[in-house]
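Structure file upload_3.tsv (TSV, C-alpha atoms) follows.
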chain	number	residue	atom	x	y	z
A	1	MET	CA	0.00	0.00	0.00
A	2	ALA	CA	1.10	3.59	-0.54
A	3	VAL	CA	2.44	4.94	2.73
A	4	PRO	CA	0.09	7.60	4.15
A	5	GLU	CA	0.97	10.24	6.72
A	6	SER	CA	-2.28	9.73	8.59
A	7	LEU	CA	-4.97	7.08	8.91
A	8	SER	CA	-8.63	7.31	9.75
A	9	LEU	CA	-9.88	5.07	12.52
A	10	ALA	CA	-11.73	2.93	9.97
A	11	GLN	CA	-8.52	2.45	7.98
A	12	ALA	CA	-6.58	1.50	11.11
A	13	ARG	CA	-9.25	-1.06	11.99
A	14	ARG	CA	-9.13	-2.68	8.55
A	15	ILE	CA	-5.32	-2.74	8.56
A	16	THR	CA	-5.34	-4.39	11.99
A	17	LEU	CA	-7.97	-6.98	11.10
A	18	ALA	CA	-6.13	-7.86	7.88
A	19	ALA	CA	-2.79	-8.13	9.67
A	20	GLN	CA	-4.38	-10.47	12.22
A	21	GLY	CA	-5.77	-12.74	9.50
A	22	PHE	CA	-9.45	-11.80	9.60
A	23	ALA	CA	-9.46	-10.72	5.94
A	24	ASP	CA	-7.96	-14.00	4.68
A	25	PRO	CA	-10.24	-16.31	2.67
A	26	ALA	CA	-11.90	-19.03	4.71
A	27	PRO	CA	-10.78	-22.61	3.98
A	28	THR	CA	-13.01	-24.32	1.42
A	29	GLY	CA	-12.60	-27.72	3.07
A	30	VAL	CA	-11.19	-29.11	6.29
A	31	PRO	CA	-8.37	-26.80	7.42
A	32	THR	CA	-4.88	-28.24	6.95
A	33	ARG	CA	-1.36	-27.63	8.22
A	34	ARG	CA	-1.03	-24.94	5.53
A	35	HIS	CA	-3.92	-23.00	7.07
A	36	LEU	CA	-2.44	-23.42	10.53
A	37	ARG	CA	0.87	-21.98	9.37
A	38	ARG	CA	-0.91	-19.05	7.74
A	39	VAL	CA	-2.62	-18.18	11.02
A	40	LEU	CA	0.63	-18.54	12.94
A	41	ASP	CA	2.26	-16.16	10.50
A	42	ARG	CA	-0.56	-13.67	11.14
A	43	VAL	CA	-0.55	-13.86	14.94
A	44	GLY	CA	3.08	-14.72	15.70
A	45	LEU	CA	2.27	-16.74	18.84
A	46	ILE	CA	-0.72	-18.20	20.66
A	47	GLN	CA	-1.43	-17.49	24.31
A	48	MET	CA	-2.29	-20.38	26.64
A	49	ASP	CA	-4.51	-20.39	29.71
A	50	SER	CA	-5.73	-23.11	32.05
A	51	VAL	CA	-9.40	-22.05	32.17
A	52	ASN	CA	-11.54	-24.64	30.39
A	53	VAL	CA	-15.09	-23.43	30.97
A	54	LEU	CA	-15.62	-23.24	27.18
A	55	GLN	CA	-12.50	-24.46	25.36
A	56	ARG	CA	-8.78	-24.19	26.10
A	57	ALA	CA	-7.70	-20.68	25.13
A	58	HIS	CA	-4.98	-21.71	22.68
A	59	TYR	CA	-7.47	-23.47	20.40
A	60	LEU	CA	-9.75	-20.46	19.97
A	61	PRO	CA	-7.63	-18.02	17.87
A	62	LEU	CA	-7.46	-20.60	15.07
A	63	TYR	CA	-11.21	-21.15	15.29
A	64	SER	CA	-11.81	-17.39	15.04
A	65	ARG	CA	-9.79	-17.24	11.81
A	66	LEU	CA	-10.44	-20.63	10.21
A	67	GLY	CA	-13.82	-21.65	11.56
A	68	PRO	CA	-14.30	-25.23	12.78
A	69	TYR	CA	-11.00	-27.09	12.46
A	70	PRO	CA	-9.53	-30.29	13.93
A	71	THR	CA	-7.74	-29.29	17.13
A	72	ALA	CA	-5.31	-32.14	16.47
A	73	LEU	CA	-3.71	-29.78	13.92
A	74	LEU	CA	-2.45	-27.57	16.74
A	75	ASP	CA	-1.65	-30.46	19.08
A	76	THR	CA	0.47	-32.12	16.41
A	77	ALA	CA	2.38	-28.92	15.61
A	78	ALA	CA	3.10	-28.34	19.30
A	79	TYR	CA	3.67	-31.80	20.71
A	80	ARG	CA	4.62	-34.21	17.92
A	81	ARG	CA	7.86	-34.51	15.97
A	82	PRO	CA	8.99	-32.51	14.16
A	83	HIS	CA	7.79	-29.83	16.58
A	84	GLU	CA	6.79	-26.59	14.87
A	85	LEU	CA	5.80	-24.87	18.11
A	86	PHE	CA	7.16	-24.88	21.63
A	87	GLU	CA	5.89	-23.56	24.94
A	88	TYR	CA	7.57	-20.55	26.48
A	89	TRP	CA	6.93	-17.21	28.17
A	90	ALA	CA	6.46	-14.94	25.17
A	91	HIS	CA	3.37	-12.76	25.71
A	92	GLU	CA	2.26	-14.83	28.66
A	93	ALA	CA	2.53	-18.61	28.61
A	94	SER	CA	2.44	-19.18	24.88
A	95	LEU	CA	2.89	-21.55	21.99
A	96	VAL	CA	5.66	-20.04	19.86
A	97	PRO	CA	7.14	-21.08	16.50
A	98	VAL	CA	10.34	-23.05	17.19
A	99	GLY	CA	12.26	-20.69	14.91
A	100	LEU	CA	11.89	-17.99	17.57
A	101	HIS	CA	13.80	-19.99	20.18
A	102	PRO	CA	17.09	-18.13	19.52
A	103	VAL	CA	15.48	-14.68	19.86
A	104	LEU	CA	13.93	-15.62	23.20
A	105	ARG	CA	17.19	-16.80	24.76
A	106	TRP	CA	17.82	-13.32	26.18
A	107	ARG	CA	14.82	-13.96	28.44
A	108	MET	CA	16.05	-17.44	29.34
A	109	ALA	CA	19.45	-15.96	30.28
A	110	LYS	CA	17.78	-13.53	32.69
A	111	ALA	CA	15.82	-16.18	34.60
A	112	ARG	CA	17.70	-15.52	37.87
A	113	ASP	CA	16.85	-11.82	37.66
A	114	GLU	CA	13.48	-11.62	35.96
A	115	SER	CA	11.52	-14.82	36.61
A	116	TRP	CA	8.76	-14.64	39.18
A	117	GLY	CA	9.68	-14.36	42.84
A	118	GLY	CA	8.96	-17.96	43.82
A	119	MET	CA	11.11	-19.26	40.97
A	120	ARG	CA	13.98	-16.92	41.81
A	121	ARG	CA	13.86	-17.80	45.49
A	122	ILE	CA	14.01	-21.53	44.88
A	123	ALA	CA	17.01	-21.05	42.58
A	124	GLU	CA	18.77	-18.87	45.14
A	125	GLU	CA	17.88	-20.77	48.31
A	126	GLN	CA	17.67	-24.35	47.08
A	127	PRO	CA	20.12	-24.72	44.14
A	128	GLU	CA	20.69	-28.36	45.05
A	129	LEU	CA	16.95	-29.01	44.62
A	130	VAL	CA	16.94	-27.33	41.22
A	131	ALA	CA	19.92	-29.43	40.14
A	132	TRP	CA	18.28	-32.61	41.46
A	133	VAL	CA	15.03	-31.85	39.61
A	134	ARG	CA	16.91	-31.24	36.37
A	135	ASP	CA	18.76	-34.53	36.82
A	136	GLU	CA	15.45	-36.31	37.35
A	137	VAL	CA	14.08	-34.88	34.09
A	138	ALA	CA	17.30	-35.82	32.28
A	139	ALA	CA	17.21	-39.38	33.60
A	140	ARG	CA	13.48	-40.11	33.44
A	141	GLY	CA	11.73	-37.46	31.34
A	142	PRO	CA	9.27	-36.56	30.12
A	143	LEU	CA	7.73	-36.11	33.57
A	144	THR	CA	5.03	-34.06	35.24
A	145	ALA	CA	5.74	-32.16	38.43
A	146	ALA	CA	3.65	-34.70	40.37
A	147	GLU	CA	5.74	-37.58	39.05
A	148	ILE	CA	8.93	-35.92	40.25
A	149	GLU	CA	7.43	-34.90	43.58
A	150	HIS	CA	6.77	-38.52	44.53
A	151	ASP	CA	10.51	-39.21	44.64
A	152	ALA	CA	11.72	-35.86	45.98
A	153	PRO	CA	13.81	-35.89	49.16
A	154	ARG	CA	11.64	-34.54	51.96
A	155	GLU	CA	13.49	-32.84	54.79
A	156	THR	CA	16.20	-30.57	53.41
A	157	GLY	CA	16.93	-27.18	54.91
A	158	ASN	CA	14.16	-24.99	56.26
A	159	TRP	CA	11.82	-25.47	53.29
A	160	GLY	CA	11.52	-29.21	52.97
A	161	TRP	CA	11.35	-30.48	49.40
A	162	ASN	CA	7.68	-30.83	48.67
A	163	TRP	CA	5.44	-30.60	45.61
A	164	SER	CA	5.30	-26.79	45.53
A	165	ALA	CA	9.08	-26.53	45.75
A	166	VAL	CA	9.50	-29.08	42.94
A	167	LYS	CA	7.02	-27.16	40.79
A	168	ARG	CA	8.88	-23.92	41.43
A	169	ALA	CA	12.15	-25.59	40.48
A	170	LEU	CA	10.65	-26.93	37.26
A	171	GLU	CA	9.20	-23.55	36.38
A	172	PHE	CA	12.54	-21.87	37.02
A	173	LEU	CA	14.23	-24.42	34.72
A	174	PHE	CA	11.45	-23.85	32.17
A	175	TRP	CA	11.97	-20.09	32.27
A	176	ALA	CA	15.74	-20.60	31.96
A	177	GLY	CA	15.27	-22.84	28.92
A	178	GLU	CA	16.86	-25.84	30.63
A	179	VAL	CA	13.66	-27.87	30.33
A	180	THR	CA	10.72	-27.50	27.99
A	181	ALA	CA	7.22	-28.92	27.59
A	182	ALA	CA	7.25	-32.22	25.75
A	183	ASP	CA	3.45	-32.38	25.82
A	184	ARG	CA	0.45	-31.97	28.12
A	185	THR	CA	-1.60	-34.51	30.06
A	186	ASN	CA	-5.38	-34.73	29.75
A	187	SER	CA	-5.58	-32.56	32.86
A	188	PHE	CA	-3.42	-29.93	31.12
A	189	ALA	CA	-0.34	-30.56	33.26
A	190	ARG	CA	2.99	-29.97	31.54
A	191	ARG	CA	5.24	-32.95	30.91
A	192	TYR	CA	8.77	-31.60	31.16
A	193	ASP	CA	11.77	-32.85	29.21
A	194	LEU	CA	15.16	-31.63	28.05
A	195	PRO	CA	15.06	-29.28	25.04
A	196	GLU	CA	17.44	-31.51	23.07
A	197	ARG	CA	14.90	-34.33	23.25
A	198	VAL	CA	12.03	-32.14	22.10
A	199	LEU	CA	13.17	-29.31	19.83
A	200	PRO	CA	14.86	-29.69	16.42
A	201	ALA	CA	18.65	-29.78	16.61
A	202	ALA	CA	18.91	-27.09	13.94
A	203	VAL	CA	16.96	-24.70	16.18
A	204	LEU	CA	19.03	-25.41	19.27
A	205	ASP	CA	22.26	-25.11	17.28
A	206	ALA	CA	21.29	-21.76	15.74
A	207	PRO	CA	23.47	-18.88	16.97
A	208	THR	CA	22.13	-16.69	19.76
A	209	PRO	CA	21.62	-13.10	18.60
A	210	SER	CA	22.48	-10.12	20.74
A	211	ASP	CA	19.74	-8.75	22.95
A	212	ALA	CA	19.35	-5.78	20.60
A	213	GLU	CA	18.99	-8.05	17.57
A	214	ALA	CA	16.47	-10.23	19.38
A	215	HIS	CA	14.38	-7.24	20.48
A	216	ARG	CA	14.42	-5.89	16.94
A	217	THR	CA	13.21	-9.22	15.53
A	218	LEU	CA	10.42	-9.48	18.08
A	219	VAL	CA	9.25	-5.90	17.56
A	220	SER	CA	9.29	-6.54	13.81
A	221	ILE	CA	7.04	-9.58	14.26
A	222	ALA	CA	4.71	-7.65	16.56
A	223	ALA	CA	4.48	-4.81	14.05
A	224	ARG	CA	3.70	-7.18	11.19
A	225	CYS	CA	1.02	-8.94	13.24
A	226	LEU	CA	-0.61	-5.69	14.40
A	227	GLY	CA	-0.31	-3.82	11.09
A	228	VAL	CA	-0.40	-0.42	12.74
A	229	ALA	CA	0.35	0.13	16.40
A	230	ALA	CA	1.73	2.47	19.01
A	231	GLU	CA	5.05	1.70	20.71
A	232	PRO	CA	3.50	0.37	23.97
A	233	GLU	CA	1.56	-2.22	21.97
A	234	LEU	CA	4.62	-3.26	19.96
A	235	ARG	CA	6.44	-3.74	23.27
A	236	ASP	CA	3.55	-5.60	24.93
A	237	TYR	CA	3.23	-8.25	22.22
A	238	PHE	CA	6.30	-10.11	23.50
A	239	ARG	CA	6.50	-8.30	26.86
A	240	LEU	CA	9.77	-6.57	25.97
A	241	PRO	CA	11.77	-4.18	28.17
A	242	VAL	CA	10.96	-0.51	27.54
A	243	ALA	CA	14.44	0.60	26.50
A	244	GLY	CA	15.01	-2.40	24.25
A	245	ALA	CA	11.66	-2.00	22.51
A	246	ARG	CA	12.10	1.73	21.94
A	247	ARG	CA	15.55	1.22	20.49
A	248	ALA	CA	14.18	-1.52	18.21
A	249	VAL	CA	11.35	0.72	17.00
A	250	ALA	CA	13.82	3.51	16.16
A	251	GLU	CA	16.06	1.10	14.27
A	252	LEU	CA	13.16	-0.36	12.31
A	253	VAL	CA	12.00	3.15	11.38
A	254	GLU	CA	15.51	3.96	10.18
A	255	ALA	CA	15.55	0.73	8.14
A	256	GLY	CA	12.22	1.62	6.51
A	257	GLU	CA	10.34	-1.35	7.93
A	258	LEU	CA	8.19	0.92	10.10
A	259	THR	CA	6.74	4.27	9.09
A	260	PRO	CA	5.50	6.79	11.66
A	261	VAL	CA	1.87	7.75	11.02
A	262	THR	CA	-0.91	9.46	12.91
A	263	VAL	CA	-4.19	7.69	13.58
A	264	GLN	CA	-7.39	9.59	14.15
A	265	GLY	CA	-8.04	9.99	17.88
A	266	TRP	CA	-4.81	8.30	19.04
A	267	ARG	CA	-2.70	10.16	21.56
A	268	HIS	CA	0.42	8.05	20.97
A	269	PRO	CA	2.38	8.16	17.68
A	270	ALA	CA	1.68	5.08	15.56
A	271	TYR	CA	3.87	2.93	13.34
A	272	LEU	CA	2.74	1.27	10.11
A	273	HIS	CA	4.48	-1.93	9.05
A	274	ALA	CA	5.87	-2.04	5.51
A	275	ASP	CA	3.86	-5.18	4.69
A	276	ALA	CA	0.56	-3.84	6.05
A	277	ARG	CA	-2.36	-3.92	3.65
A	278	LEU	CA	-5.55	-1.90	3.67
A	279	PRO	CA	-8.47	-3.95	2.35
A	280	ARG	CA	-11.56	-2.17	1.08
A	281	TRP	CA	-13.58	-3.98	3.71
A	282	VAL	CA	-13.40	-6.85	6.19
A	283	ARG	CA	-16.35	-9.18	6.35
A	284	GLY	CA	-17.35	-12.26	8.30
A	285	ASN	CA	-18.67	-12.91	11.79
A	286	THR	CA	-16.85	-14.68	14.57
A	287	LEU	CA	-16.45	-14.90	18.31
A	288	VAL	CA	-13.05	-13.90	19.67
A	289	SER	CA	-11.32	-15.38	22.71
A	290	PRO	CA	-10.52	-13.20	25.73
A	291	PHE	CA	-6.91	-14.27	25.08
A	292	ASP	CA	-6.85	-13.46	21.36
A	293	PRO	CA	-4.02	-11.14	20.25
A	294	LEU	CA	-6.61	-8.92	18.58
A	295	VAL	CA	-7.76	-7.83	22.05
A	296	TRP	CA	-4.66	-8.41	24.21
A	297	GLU	CA	-3.99	-4.74	24.76
A	298	ARG	CA	-7.29	-3.47	26.16
A	299	ALA	CA	-6.54	0.24	25.69
A	300	ARG	CA	-5.78	-0.39	22.02
A	301	THR	CA	-9.02	-2.37	21.68
A	302	GLU	CA	-10.92	0.60	23.05
A	303	ARG	CA	-9.15	3.09	20.79
A	304	LEU	CA	-9.56	0.98	17.66
A	305	PHE	CA	-13.05	-0.39	18.11
A	306	GLY	CA	-14.68	1.78	20.76
A	307	PHE	CA	-15.03	-1.48	22.70
A	308	THR	CA	-14.27	-1.43	26.43
A	309	TYR	CA	-13.35	-4.97	27.39
A	310	ARG	CA	-12.15	-6.54	30.63
A	311	ILE	CA	-12.08	-10.20	31.49
A	312	GLU	CA	-13.97	-10.84	34.73
A	313	ILE	CA	-12.79	-14.35	35.64
A	314	TYR	CA	-11.11	-13.06	38.79
A	315	VAL	CA	-13.86	-10.60	39.72
A	316	PRO	CA	-16.21	-11.82	42.50
A	317	ALA	CA	-19.46	-12.99	40.93
A	318	PRO	CA	-21.69	-10.26	42.46
A	319	GLN	CA	-19.39	-7.59	41.02
A	320	ARG	CA	-19.24	-8.89	37.46
A	321	VAL	CA	-20.82	-6.67	34.84
A	322	TYR	CA	-21.06	-9.07	31.89
A	323	GLY	CA	-20.09	-12.54	33.13
A	324	TYR	CA	-17.35	-15.04	33.88
A	325	TYR	CA	-16.03	-16.02	30.43
A	326	VAL	CA	-17.19	-13.37	27.99
A	327	LEU	CA	-16.26	-13.44	24.32
A	328	PRO	CA	-16.51	-10.40	22.03
A	329	PHE	CA	-18.53	-10.96	18.86
A	330	ARG	CA	-17.03	-9.44	15.71
A	331	GLN	CA	-19.30	-8.56	12.80
A	332	GLY	CA	-17.21	-7.31	9.93
A	333	GLU	CA	-15.12	-4.41	11.16
A	334	ARG	CA	-16.65	-3.87	14.58
A	335	PHE	CA	-17.65	-5.63	17.76
A	336	THR	CA	-21.43	-5.68	18.04
A	337	ALA	CA	-22.00	-7.88	21.06
A	338	ARG	CA	-20.41	-9.82	23.89
A	339	VAL	CA	-21.59	-13.14	25.21
A	340	ASP	CA	-20.86	-15.16	28.35
A	341	LEU	CA	-20.44	-18.84	27.41
A	342	LYS	CA	-20.01	-22.19	29.07
A	343	ALA	CA	-19.78	-25.67	27.54
A	344	ASP	CA	-21.94	-28.16	29.42
A	345	ARG	CA	-20.33	-31.29	28.02
A	346	LYS	CA	-22.41	-33.69	30.10
A	347	ALA	CA	-25.66	-32.22	28.77
A	348	GLY	CA	-24.23	-31.66	25.28
A	349	ALA	CA	-25.21	-27.99	25.30
A	350	LEU	CA	-23.59	-24.61	24.90
A	351	LEU	CA	-24.87	-22.50	27.77
A	352	VAL	CA	-25.33	-18.73	27.39
A	353	PRO	CA	-25.45	-17.18	30.88
A	354	ALA	CA	-25.70	-13.69	29.35
A	355	ALA	CA	-25.64	-11.80	26.05
A	356	TRP	CA	-25.20	-8.07	25.55
A	357	VAL	CA	-25.48	-5.82	22.52
A	358	GLU	CA	-23.03	-2.99	21.93
A	359	PRO	CA	-24.20	0.63	21.59
A	360	GLY	CA	-25.15	1.46	18.03
A	361	ALA	CA	-25.57	-2.14	16.93
A	362	ASP	CA	-28.98	-3.31	15.72
A	363	PRO	CA	-30.20	-5.91	18.27
A	364	GLY	CA	-32.21	-7.90	15.74
A	365	GLU	CA	-29.49	-8.17	13.09
A	366	THR	CA	-26.83	-8.81	15.72
A	367	ALA	CA	-28.90	-11.56	17.35
A	368	VAL	CA	-29.42	-13.39	14.05
A	369	ALA	CA	-25.72	-13.29	13.20
A	370	LEU	CA	-24.69	-14.28	16.74
A	371	ALA	CA	-27.17	-17.18	16.83
A	372	ALA	CA	-25.65	-18.66	13.69
A	373	GLU	CA	-22.15	-18.27	15.14
A	374	LEU	CA	-23.16	-19.91	18.44
A	375	TYR	CA	-24.46	-22.97	16.62
A	376	ARG	CA	-21.27	-23.09	14.54
A	377	LEU	CA	-19.18	-22.93	17.72
A	378	ALA	CA	-21.33	-25.56	19.44
A	379	GLY	CA	-20.86	-27.92	16.51
A	380	TRP	CA	-17.09	-27.47	16.64
A	381	LEU	CA	-17.14	-28.25	20.37
A	382	GLY	CA	-19.20	-31.39	19.78
A	383	LEU	CA	-22.30	-29.96	21.47
A	384	ASP	CA	-25.79	-30.60	20.11
A	385	ALA	CA	-27.72	-27.62	21.43
A	386	VAL	CA	-27.46	-23.95	22.34
A	387	ALA	CA	-29.40	-22.94	25.43
A	388	PRO	CA	-31.32	-19.64	25.40
A	389	PRO	CA	-29.49	-16.82	27.17
A	390	ALA	CA	-30.33	-16.30	30.81
A	391	ALA	CA	-29.56	-12.58	31.13
A	392	GLY	CA	-28.37	-9.47	29.31
A	393	ASP	CA	-30.00	-6.86	27.09
A	394	LEU	CA	-29.62	-9.10	24.02
A	395	ALA	CA	-31.20	-12.12	25.71
A	396	GLY	CA	-34.67	-11.70	24.20
A	397	PRO	CA	-33.65	-11.13	20.57
A	398	LEU	CA	-30.98	-13.84	20.79
A	399	ALA	CA	-33.38	-16.41	22.24
A	400	ALA	CA	-35.76	-15.80	19.32
A	401	ALA	CA	-32.92	-15.95	16.79
A	402	LEU	CA	-31.65	-19.24	18.24
A	403	VAL	CA	-35.11	-20.77	17.73
A	404	GLY	CA	-35.01	-19.60	14.13
A	405	VAL	CA	-31.57	-21.02	13.45
A	406	ALA	CA	-32.46	-24.32	15.13
A	407	GLY	CA	-35.55	-24.56	12.96
A	408	VAL	CA	-33.61	-24.46	9.68
A	409	ARG	CA	-30.70	-26.70	10.73
Can you present the structure in this file as structure tokens?
Amino acid sequence: MAVPESLSLAQARRITLAAQGFADPAPTGVPTRRHLRRVLDRVGLIQMDSVNVLQRAHYLPLYSRLGPYPTALLDTAAYRRPHELFEYWAHEASLVPVGLHPVLRWRMAKARDESWGGMRRIAEEQPELVAWVRDEVAARGPLTAAEIEHDAPRETGNWGWNWSAVKRALEFLFWAGEVTAADRTNSFARRYDLPERVLPAAVLDAPTPSDAEAHRTLVSIAARCLGVAAEPELRDYFRLPVAGARRAVAELVEAGELTPVTVQGWRHPAYLHADARLPRWVRGNTLVSPFDPLVWERARTERLFGFTYRIEIYVPAPQRVYGYYVLPFRQGERFTARVDLKADRKAGALLVPAAWVEPGADPGETAVALAAELYRLAGWLGLDAVAPPAAGDLAGPLAAALVGVAGVR
């Protein structure tokens, strides 16, 4: 695209949605590894989360971009040889393309200084435990924390070596890159193993770039995946240090990969990636995970879409405004609704505790589009029915629309 000096808000929205893969053509058949790789190229990494009230978070970004797909596609890429993805702290706990291992080693090297307090303390106060845990993984891996805990020596020092200490030791080793996730159990527990038994040798043998080179690569990926973004958002994508991210942005501007632009209504300067494209429109309807990179940075989501979004999982139930696990609903280039969802697998139903329409959206049209999407999601999850919503200002129209969709299925 020709490089503009300023962008309207509508242009910035379309650039962002295209960069994130929402303007790509939908698969005409069952999605394949090629489609998976295309999405990974669009989003850069996939955030993980343990909450399973609807579906594990890492499966949902692919659904939002591809529609119903076999989740084994992602499992195979992450946990079967040859591994294309590996688990690491990137945005938060994430699935990351294995090719990014070298540019994340700066974080691994800083584990003793920057990992969470419990991890740092165990490394400082119980180094013999950390070494013993690593030896256990080397000798017997892959192993879960529970499997190591059973054999851990018990009374050592003031702490005692118990399950929580073993888990902290494993997580320190994970942060430091000395162990990695070989796979996950059915209960979503990590099975730890040595990187050389999990990751491709070519990746592990690749040279380690300088911190500055690594930061520049990661900011470049963030910029490509966001299309147009302010510096705080480029930094947040991989949770980079402020100074390193700012230096990387300046260097990418100098190299011509990023172009400073203004965006209507934005207080911060913005940067447009050289590969960004501006489609004439973005169509399609889909639900978006609370952990989708499209909505990671909540202030950006509000500036771009006029959509104020907060996840309320950790808010006490009486204080929640919208619900426990609320997904934004995207219609074309805007969010028109949000819906609280729960998969009742025993009953085979998708439950809708609440549904809410956004200001300016037509409740009737939104309800019809959302009803179709809820049945599509339910089918992907292996659920037979969608329950009528229990609360929210869209509950009435959506309940009627669900009856209509069910009647023509």
Interatomic distance, atom CA of Phe188 of chain A to atom CA of Thr76 of chain A (Å, one decimal):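 These atoms are spaced 15.4 Å apart.
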Which polymer residues have any atom within 9 Å of an atom of Gln55 of chain A, counting only C-alpha atoms, with same-chain residues fewer than 3 positions away left out, as a list in words?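 Here the qualifying residues turn out to be Val51, Asn52, His58, Tyr59, Leu60, Lys342, Ala343 and Leu381 of chain A.
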Counting only C-alpha atoms, which of A:Leu173, A:Leu278, A:Leu327, A:Ala230 gets nearest to Phe291 of chain A?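 Distance minimum relative to Phe291 of chain A lands on A:Leu327.
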Just to confirm, what's the straight-line distance from atom CA of Thr308 of chain A to atom CA of Val321 of chain A in Å (one decimal)?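 Between atom CA of Thr308 of chain A and atom CA of Val321 of chain A the gap is 11.9 Å.
Interatomic distance, atom CA of Val228 of chain A to atom CA of Tyr63 of chain A: 23.5 Å.
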When you look at Pro209 of chain A with a cut-off of 10 Å (counting all atoms listed in the file), what residues show up, excluding the ones that are within fewer than 6 positions of it in the same chain? I need them as a PyMOL selection string. chain A and resi 102-106+215+217
For a quick check of understanding, using only C-alpha atoms, which of A:Thr208, A:Ser64, A:Ser220, A:Gln264 has the smallest distance to Glu373 of chain A?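 Among the listed residues, the smallest separation from Glu373 of chain A belongs to A:Ser64.
With all atoms listed in the file as the atoms that count, the residue of A:Val326, A:Met48, A:Leu66, A:Ala123 with the shortest distance to Glu92 of chain A is A:Met48.
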Determine, counting all atoms listed in the file, which protein, DNA and RNA residues have an atom within 8 Å of an atom of Pro70 of chain A; residues of the same chain fewer than 2 positions away are not included. Present the result as a list of chain:residue names. A:Val30, A:Pro31, A:Pro68, A:Ala72, A:Leu73
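Take the candidates A:Tyr192, A:Trp116, A:Phe307, A:Trp132 and check each one against Phe172 of chain A using only C-alpha atoms; the shortest distance goes to A:Trp116.
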Pick from A:Ser115, A:Thr32, A:Thr16, A:Gln47: nearest to Asp292 of chain A, with all atoms listed in the file counted?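 For Asp292 of chain A, the nearest of the given residues is A:Gln47.
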From the set A:Thr366, A:Thr259, A:Thr301, A:Gln331, which residue has the shortest atom-to-atom contact distance to Val3 of chain A, counting only C-alpha atoms?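 For Val3 of chain A, the nearest of the candidates is A:Thr259.
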May I have the protein, DNA and RNA residues with any atom at most 8 Å from the point (2.7, -23.4, 28.6), counting all atoms listed in the file, written as a PyMOL selection string? chain A and resi 48-49+87-89+93-95+181+190
Give me the residues near Thr262 of chain A as a list in words, where near means some atom within 6 Å (using only C-alpha atoms) and where sequence neighbours in that chain fewer than 4 positions away do not count. Ser6, Pro269 and Ala270 of chain A
Would you list the residues near (-16.5, -16.5, 16.7), meaning any protein, DNA or RNA residue with an atom at most 9 Å from that point in file coordinates, counting only C-alpha atoms, as a ChimeraX atom specification? /A:60,63-65,67,285-289,327-330,370,373-374,376-377
If you count all atoms listed in the file, which residues fall within 7 Å of Val357 of chain A, apart from same-chain ones fewer than 3 positions away, as a compact mmCIF listing (two decimals) with C-alpha atoms, in the coordinates of the input?
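So the final result, stored in around.txt, reads:
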# COMPACT_ATOMS: atom_id res chain seq x y z
CA THR A 336 -21.43 -5.68 18.04
CA ALA A 337 -22.00 -7.88 21.06
CA ARG A 338 -20.41 -9.82 23.89
CA ALA A 361 -25.57 -2.14 16.93
CA PRO A 363 -30.20 -5.91 18.27
CA ASP A 393 -30.00 -6.86 27.09
CA LEU A 394 -29.62 -9.10 24.02
